[in-house]
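Scroll down for the structure; my scribbles are underneath it.
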Amino acid sequence: MGTTAENIYQLRPVSIVRSLPQIKEHRLFQLKLEDGGTWDAFGHQPGQFVEVSIFGVGEAPISISSPPTRSEHLELCVRRAGSVTNALFDLEKGAAIHIRGPYGRGFPLDVLRGKKLLLVAGGLGLAPLRSLLLYVLDRRSEFDEIILMYGTNNPENVLFKYELLSFYDRDDIRYLYSVDRDEEGIWKQYVGVVTGLFDRTALSPQETYAVLCGPPIMYRFVLERLLKLGFPKEHIYMSLERMMKCGVGKCGHCAIGDKYCCTDGPVFPYREIELIKEAI
Amino acid sequence: MKGLAKKDLLSVLEGWRGLYSVLAPLRREQGDIVVDRLDSDRFTLEFGKPSLSPKGILLPQSEVTFNVEEGAYRETPAKGATLLFGVRSCDAMAILQSASFMTRDKEDIYYRSRFEDLAIVVMACEGPQNETCFCTTASTGPWLRRGFDLQFYDLGDLFFVETGSERGAELSSGEQFIDITDSEILRKIEDFREKAAAAIPVVHEVKQSMTMLQDDGVGDDFWNRFGSKCIVCGGCAFVCPTCTCFNVYDQVRGEGSGQRIRTWDACLFGGFTREASGHNPRGSQALRLKRRHEHKLRYFNETDIQEALCGCVGCGRCSDYCPVHIGTLEVARAIVQSK
Ligand SMILES: Cc1cc2nc3c(=O)[nH]c(=O)nc-3n(C[C@H](O)[C@H](O)[C@H](O)COP(=O)(O)OP(=O)(O)OC[C@H]3O[C@@H](n4cnc5c(N)ncnc54)[C@H](O)[C@@H]3O)c2cc1C
Ligand code: SF4
Ligand code: FES
């Protein structure tokens, strides 16, 4: 059977440099390659993902949260959701695990370059979107205006809080965020679903590209809003989630119509999936 | 062109064992037909359409992909060359189609190495093997135009043997194989092919249903009706020669060691698409059946192999074995009736 290097399922050893608590049940893992390779050579693009493998438990697809412009560590922001993610949370600093990747089609940097960007994230959707966000901030001059809209269900669940707060000090990114509910009355920003943020900022749909990342319910409402505002369909991109086993277009779990989310996506131009009924 | 006397077949098969692990149709004690390692006492030519397709030769129902020792993943080694004797053309086409899928873009080396090491010896069909055969609709049979190593035509006491590759030429270079130049026999082959094809009627509903599915012309009510009947056994996918979806799991032997294994899976199961959050993009049996049939009749993988449908090769096994009659033929006919 071919050499190991040809095997699309072959794993690479990594170690956990840090496991940083984020919000409840979410952690940011910083990884180091343990086979002599570098993250530069890994060559990931914003929006791509890796399969994280913990032997005995299995594999899970996780978005790469860090941009290629920051290649000291690979960062994964993980929610404790089931067997693999639980096992990951139980590991100590320095623990050895495996990954394979990078996989999938990321955000269309060539299309976005030079354009105004509207990034809309809901909940853990910020994890993949952060790789794009930090990328455009690191290469700020290559992009026009940037607006980030981020919605979570309540104030305790804001991911990357300090990073986001630091954006208020910058004048080259507009940052709006919302929480669905604020029972304790501590939230100073907008309370309501993320689409409410559209009423609070002026957008120029013809010149702006919208990139969405969040739960399916968010897509329905945000899409409706974008189209009503006059965003051309060609200006809308979204990252989709599906159950994935292989990540390389073979196991069939992630199929969406005639596409495979793992190889044709996870980032799709809206145009490609608008007619596929089961897509959104 | 070659010929082989029927009485010499077994000795040829036994001879091939020197180079290959020879798989052939066998009749078990209880009368079941299985395709397994050649056992000369059980070998039979009356094997019809074996209940299981040959897909498991290339994608075993369960297969170890890595042996894991002390946290290191070691690829399992290849097993060696196999010869598959007597495969029907629809099933052979399914192998070609699956090979094209499994090795395109990112190559699945487990599948590829088995495929490269597989000699395919087709047995052309003289007519339908049972009432569910529709290879003439799917353009996959009753004989193959290319993609085989050897193709046998049963002419009574003699097999006409067509060579499709260099490997096939080598396999048929033994002294039992006689050269055929007799134009009489060539005419007989033409005759065989014409009669065979004519005996297997084209099922127009399959093509009509494909058009309707492509036009999004089949409503939710339709799938709900079938969804409420399905007992979610997954049998349709397991007997299907072109279903290659798989699941992956780990078998632990000790601390950091054991095996990573993949097994057949089926899109009919709710857990196939359910995400960790609980969200399921195909949340009902109706949607899952719709998916299965759209994958076969709408989103098939386009390949240029013999202009075949490819998503479905027309073997009819789903119609043979679904306990509640939700095979491709039944669904296609119902789609057309629902118009
Ligand atoms: C492209 C992509 C990017 C993702 N990015 C992130 C991220 O950045 N952070 C994060 O926390 N989560 C992310 N997820 C979701 C994450 O993959 C699941 O939460 C995770 O697989 C759950 O695995 P588990 O073993 O802990 O849970 P279990 O429910 O025990 O899962 C068992 C098995 O099911 C599979 N599985 C279950 N749910 C999913 C799912 N939603 N998607 C794919 N496979 C699933 C896994 O392969 C796993 O082996 C992403 C999913 C996809 C498809
Ligand atoms: S064989 Fe029939 S009952 Fe079983 S899963 Fe398939 S359609 Fe459903
Ligand atoms: S995850 Fe296996 S095909 Fe996409």
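Identifiers for the structure tokens are assigned positionally: chains receive A, B, ... in sequence, residues are indexed from 1 per chain, and ligands are indexed from 1 in the order shown.
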Could you produce a table of the residues of chain A lying within 10 Å of chain B, with the nearest pair of atoms per residue and their separation in Å rounded to one decimal, using only C-alpha atoms, ordered by chain and increasing residue number, as a tab-separated table?
residue	atom	partner	partner_atom	distance
A:Met1	CA	B:Ala78	CA	4.7
A:Gly2	CA	B:Ile109	CA	6.5
A:Thr3	CA	B:Glu75	CA	8.9
A:Thr4	CA	B:Glu75	CA	6.9
A:Glu6	CA	B:Ile109	CA	7.5
A:Asn7	CA	B:Ile109	CA	6.1
A:Ile8	CA	B:Asp108	CA	6.6
A:Tyr9	CA	B:Asp108	CA	8.2
A:Gln10	CA	B:Tyr73	CA	7.4
A:Leu11	CA	B:Tyr73	CA	7.1
A:Arg12	CA	B:Tyr73	CA	9.1
A:Pro13	CA	B:Ala72	CA	8.4
A:Ile54	CA	B:Gly71	CA	9.0
A:Phe55	CA	B:Gly256	CA	6.6
A:Gly56	CA	B:Asp250	CA	5.1
A:Val57	CA	B:Asp250	CA	6.5
A:Gly58	CA	B:Tyr249	CA	6.0
A:Glu59	CA	B:Val248	CA	8.4
A:Ala60	CA	B:Ala276	CA	9.9
A:Arg79	CA	B:Ser277	CA	9.9
A:Arg80	CA	B:Ala276	CA	9.5
A:Ala81	CA	B:Ala276	CA	5.9
A:Gly82	CA	B:Ala276	CA	6.5
A:Ser83	CA	B:Ala276	CA	9.5
A:Thr85	CA	B:Ala276	CA	10.0
A:Ala96	CA	B:Gly71	CA	8.4
A:Ile97	CA	B:Gly71	CA	8.2
A:His98	CA	B:Gly71	CA	9.0
A:Pro215	CA	B:His279	CA	9.4
A:Pro216	CA	B:His279	CA	8.9
A:Glu241	CA	B:Glu275	CA	8.3
A:Arg242	CA	B:Glu275	CA	6.6
A:Met243	CA	B:Glu275	CA	5.2
A:Met244	CA	B:Thr273	CA	8.1
A:Lys245	CA	B:Asn247	CA	6.7
A:Cys246	CA	B:Val248	CA	8.1
A:Val248	CA	B:Lys106	CA	6.6
A:Gly249	CA	B:Lys106	CA	7.6
A:Lys250	CA	B:Met102	CA	6.4
A:Cys251	CA	B:Cys245	CA	4.7
A:Gly252	CA	B:Cys245	CA	5.0
A:His253	CA	B:Thr273	CA	6.0
A:Cys254	CA	B:Thr273	CA	7.0
A:Ala255	CA	B:Thr273	CA	8.9
A:Ile256	CA	B:Arg291	CA	9.1
A:Gly257	CA	B:Tyr299	CA	6.9
A:Asp258	CA	B:Tyr299	CA	5.2
A:Lys259	CA	B:Tyr299	CA	8.8
A:Thr263	CA	B:Lys106	CA	9.5
A:Leu275	CA	B:Asp216	CA	9.7
A:Ile276	CA	B:Asp216	CA	9.7
A:Lys277	CA	B:Asp216	CA	9.4
A:Glu278	CA	B:Pro281	CA	6.7
A:Ala279	CA	B:Pro281	CA	7.8
A:Ile280	CA	B:Pro281	CA	8.1
Taking C-alpha atoms for each residue, export the selection above as a CSV table (one decimal), in the first residue's frame.
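Written out: again00.csv:
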chain,number,residue,atom,x,y,z
A,1,MET,CA,0.0,0.0,0.0
A,2,GLY,CA,1.5,3.4,-0.9
A,3,THR,CA,4.0,5.2,1.2
A,4,THR,CA,2.7,6.7,4.3
A,6,GLU,CA,0.5,9.5,0.3
A,7,ASN,CA,-2.1,8.4,2.7
A,8,ILE,CA,-4.8,11.1,3.0
A,9,TYR,CA,-5.8,9.7,6.5
A,10,GLN,CA,-2.3,9.8,7.9
A,11,LEU,CA,-2.0,11.9,11.0
A,12,ARG,CA,0.7,14.3,12.2
A,13,PRO,CA,1.8,14.5,15.8
A,54,ILE,CA,-7.4,11.4,19.9
A,55,PHE,CA,-6.8,7.7,19.6
A,56,GLY,CA,-9.5,5.6,21.3
A,57,VAL,CA,-12.0,8.4,21.0
A,58,GLY,CA,-11.9,9.4,17.4
A,59,GLU,CA,-11.6,12.4,15.1
A,60,ALA,CA,-13.4,15.7,15.0
A,79,ARG,CA,-16.6,23.8,22.4
A,80,ARG,CA,-17.0,20.8,24.7
A,81,ALA,CA,-19.6,18.9,22.7
A,82,GLY,CA,-19.0,15.2,22.8
A,83,SER,CA,-16.5,12.4,23.1
A,85,THR,CA,-13.9,17.4,22.5
A,96,ALA,CA,0.5,14.6,22.5
A,97,ILE,CA,-2.4,14.4,20.0
A,98,HIS,CA,-2.7,14.2,16.3
A,215,PRO,CA,-25.7,28.5,13.3
A,216,PRO,CA,-28.2,27.6,10.5
A,241,GLU,CA,-21.2,22.9,9.2
A,242,ARG,CA,-21.9,19.3,8.6
A,243,MET,CA,-21.2,16.0,10.3
A,244,MET,CA,-17.8,15.0,8.9
A,245,LYS,CA,-15.8,11.8,9.3
A,246,CYS,CA,-13.0,11.9,6.7
A,248,VAL,CA,-11.4,14.6,2.3
A,249,GLY,CA,-14.5,13.9,0.3
A,250,LYS,CA,-14.7,10.1,0.7
A,251,CYS,CA,-16.9,9.1,3.6
A,252,GLY,CA,-20.1,10.8,2.3
A,253,HIS,CA,-21.3,12.2,5.7
A,254,CYS,CA,-21.0,15.8,4.8
A,255,ALA,CA,-22.7,15.7,1.4
A,256,ILE,CA,-25.0,18.7,0.5
A,257,GLY,CA,-26.7,18.0,-2.8
A,258,ASP,CA,-24.0,17.3,-5.3
A,259,LYS,CA,-21.3,18.9,-3.1
A,263,THR,CA,-13.8,19.6,0.1
A,275,LEU,CA,-30.8,26.2,-5.0
A,276,ILE,CA,-29.9,23.2,-3.0
A,277,LYS,CA,-32.8,22.7,-0.7
A,278,GLU,CA,-30.9,21.0,2.2
A,279,ALA,CA,-28.0,23.4,2.2
A,280,ILE,CA,-29.2,26.0,4.7
**Item:** Residue contacts of range 29-32 of chain B (12 Å, only C-alpha atoms) excluding same-chain residues fewer than 3 positions away, as number ranges by chain
**Value:** B: 25-26, 35-36, 41-44, 46-52
**Item:** Of the listed residues B:Leu186, B:Ile120, B:Ile95, B:Ala332, that which approaches Cys240 in chain B most closely, counting only C-alpha atoms
**Value:**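 Closest residue, counting only C-alpha atoms: B:Ile95.
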**Item:** Environment of ligand 2 within 6 Å, counting only C-alpha atoms and all ligand atoms, reported as a PyMOL selection string
**Value:** chain B and resi 230-236+268+322-324+326
**Message:** I'd like the contact shell of Asp157 in chain B - 12 Å cut-off, only C-alpha atoms, skipping same-chain residues fewer than 3 positions apart - returned as a ChimeraX atom specification.
**Reply:** /B:3-9,153-154,160
**Request:** Per DSSP on the backbone, filter range 20-79 of chain A down to the residues in helix (DSSP H, G or I) and report them as a VMD selection string.
**Result:** chain A and resid 39 to 42
**Message:** List as an MDAnalysis selection string the protein and nucleic acid residues near Leu155 in chain B, meaning an atom at most 12 Å away when only C-alpha atoms are counted, but skip any in the same chain fewer than 4 places from it.
**Reply:** chainID B and resid 3:6 123:126 159:161 185:193
DSSP-assigned strand (DSSP E) members of range 87-222 of chain B, reported as a PDB file with N, CA and C atoms, in the first residue's frame:
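Dumped everything to states_20.pdb:
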ATOM      1  N   VAL B  87     -17.836 -11.830 -12.349  1.00  0.00           N
ATOM      2  CA  VAL B  87     -18.593 -10.644 -11.940  1.00  0.00           C
ATOM      3  C   VAL B  87     -19.526 -10.215 -13.077  1.00  0.00           C
ATOM      4  N   LEU B 118      -6.503  -5.756  -8.611  1.00  0.00           N
ATOM      5  CA  LEU B 118      -7.671  -6.600  -8.882  1.00  0.00           C
ATOM      6  C   LEU B 118      -7.793  -6.903 -10.374  1.00  0.00           C
ATOM      7  N   ALA B 119      -7.827  -8.193 -10.697  1.00  0.00           N
ATOM      8  CA  ALA B 119      -8.117  -8.591 -12.070  1.00  0.00           C
ATOM      9  C   ALA B 119      -9.613  -8.859 -12.157  1.00  0.00           C
ATOM     10  N   ILE B 120     -10.262  -8.224 -13.137  1.00  0.00           N
ATOM     11  CA  ILE B 120     -11.715  -8.326 -13.266  1.00  0.00           C
ATOM     12  C   ILE B 120     -12.072  -9.230 -14.444  1.00  0.00           C
ATOM     13  N   VAL B 121     -12.708 -10.340 -14.145  1.00  0.00           N
ATOM     14  CA  VAL B 121     -13.151 -11.256 -15.195  1.00  0.00           C
ATOM     15  C   VAL B 121     -14.676 -11.282 -15.204  1.00  0.00           C
ATOM     16  N   VAL B 122     -15.243 -10.643 -16.208  1.00  0.00           N
ATOM     17  CA  VAL B 122     -16.695 -10.476 -16.284  1.00  0.00           C
ATOM     18  C   VAL B 122     -17.337 -11.703 -16.931  1.00  0.00           C
ATOM     19  N   MET B 123     -18.509 -12.067 -16.452  1.00  0.00           N
ATOM     20  CA  MET B 123     -19.325 -13.062 -17.141  1.00  0.00           C
ATOM     21  C   MET B 123     -20.530 -12.329 -17.721  1.00  0.00           C
ATOM     22  N   LEU B 150     -10.753  -9.576 -18.539  1.00  0.00           N
ATOM     23  CA  LEU B 150     -11.302 -10.570 -19.467  1.00  0.00           C
ATOM     24  C   LEU B 150     -12.817 -10.525 -19.347  1.00  0.00           C
ATOM     25  N   GLN B 151     -13.495 -10.865 -20.456  1.00  0.00           N
ATOM     26  CA  GLN B 151     -14.947 -10.989 -20.404  1.00  0.00           C
ATOM     27  C   GLN B 151     -15.337 -12.311 -21.056  1.00  0.00           C
ATOM     28  N   PHE B 152     -16.076 -13.110 -20.323  1.00  0.00           N
ATOM     29  CA  PHE B 152     -16.504 -14.424 -20.802  1.00  0.00           C
ATOM     30  C   PHE B 152     -17.937 -14.366 -21.332  1.00  0.00           C
ATOM     31  N   TYR B 153     -18.164 -15.070 -22.453  1.00  0.00           N
ATOM     32  CA  TYR B 153     -19.520 -15.261 -22.972  1.00  0.00           C
ATOM     33  C   TYR B 153     -19.751 -16.761 -22.986  1.00  0.00           C
ATOM     34  N   ASP B 154     -20.824 -17.191 -22.362  1.00  0.00           N
ATOM     35  CA  ASP B 154     -21.112 -18.618 -22.256  1.00  0.00           C
ATOM     36  C   ASP B 154     -21.849 -19.086 -23.517  1.00  0.00           C
ATOM     37  N   LEU B 158     -18.509 -23.983 -24.864  1.00  0.00           N
ATOM     38  CA  LEU B 158     -17.348 -23.127 -25.080  1.00  0.00           C
ATOM     39  C   LEU B 158     -17.593 -21.734 -24.505  1.00  0.00           C
ATOM     40  N   PHE B 159     -16.554 -21.157 -23.901  1.00  0.00           N
ATOM     41  CA  PHE B 159     -16.619 -19.731 -23.555  1.00  0.00           C
ATOM     42  C   PHE B 159     -15.899 -18.951 -24.635  1.00  0.00           C
ATOM     43  N   PHE B 160     -16.526 -17.887 -25.076  1.00  0.00           N
ATOM     44  CA  PHE B 160     -15.813 -16.937 -25.901  1.00  0.00           C
ATOM     45  C   PHE B 160     -15.173 -15.962 -24.920  1.00  0.00           C
ATOM     46  N   VAL B 161     -13.871 -15.689 -25.074  1.00  0.00           N
ATOM     47  CA  VAL B 161     -13.157 -14.875 -24.098  1.00  0.00           C
ATOM     48  C   VAL B 161     -12.612 -13.614 -24.755  1.00  0.00           C
ATOM     49  N   GLU B 162     -13.114 -12.490 -24.280  1.00  0.00           N
ATOM     50  CA  GLU B 162     -12.703 -11.202 -24.828  1.00  0.00           C
ATOM     51  C   GLU B 162     -11.612 -10.628 -23.923  1.00  0.00           C
ATOM     52  N   THR B 163     -10.574 -10.081 -24.528  1.00  0.00           N
ATOM     53  CA  THR B 163      -9.475  -9.534 -23.744  1.00  0.00           C
ATOM     54  C   THR B 163      -9.605  -8.010 -23.678  1.00  0.00           C
ATOM     55  N   PHE B 177      -6.415 -21.853 -23.618  1.00  0.00           N
ATOM     56  CA  PHE B 177      -7.110 -20.834 -24.416  1.00  0.00           C
ATOM     57  C   PHE B 177      -6.757 -21.022 -25.889  1.00  0.00           C
ATOM     58  N   ILE B 178      -7.803 -21.185 -26.703  1.00  0.00           N
ATOM     59  CA  ILE B 178      -7.558 -21.414 -28.121  1.00  0.00           C
ATOM     60  C   ILE B 178      -7.852 -20.149 -28.921  1.00  0.00           C
ATOM     61  N   ASP B 179      -7.103 -19.933 -29.969  1.00  0.00           N
ATOM     62  CA  ASP B 179      -7.370 -18.767 -30.815  1.00  0.00           C
ATOM     63  C   ASP B 179      -8.633 -18.988 -31.620  1.00  0.00           C
TER      64      ASP B 179
END
**Request:** Just the residues within 6 Å of Tyr150 in chain A, please, counting only C-alpha atoms, with nothing from its chain fewer than 6 positions along; format it as a PyMOL selection string.
**Result:** chain A and resi 120-122+177
**Request:** Considering only C-alpha atoms, return as a PyMOL selection string whatever protein or nucleic-acid residues lie within 9 Å of range 63-68 of chain A, sequence-local ones (same chain, fewer than 5 positions apart) excluded.
**Result:** chain A and resi 28+39-40+43-51+73-78+102+126-135+138
**Given only C-alpha atoms and all ligand atoms as the counted atoms, nearest of A:Cys261, A:Gly185, A:Asn153, A:His26 to ligand 3** = A:Cys261
**Request:** Identify which of the residues A:Val84, A:Val14, A:Leu117, A:Leu165 lies closest to ligand 1, counting only C-alpha atoms and all ligand atoms when measuring atom-to-atom distances.
**Result:**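 Closest residue, counting only C-alpha atoms and all ligand atoms: A:Val84.
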**Prompt:** Which residue out of A:Thr208, A:Ser71, A:Gln189, A:Ser178 has the minimum interatomic distance to Phe143 in chain A when only C-alpha atoms are used?
**Reply:**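 Looking only at the distances to Phe143 in chain A, the closest residue turns out to be A:Thr208.
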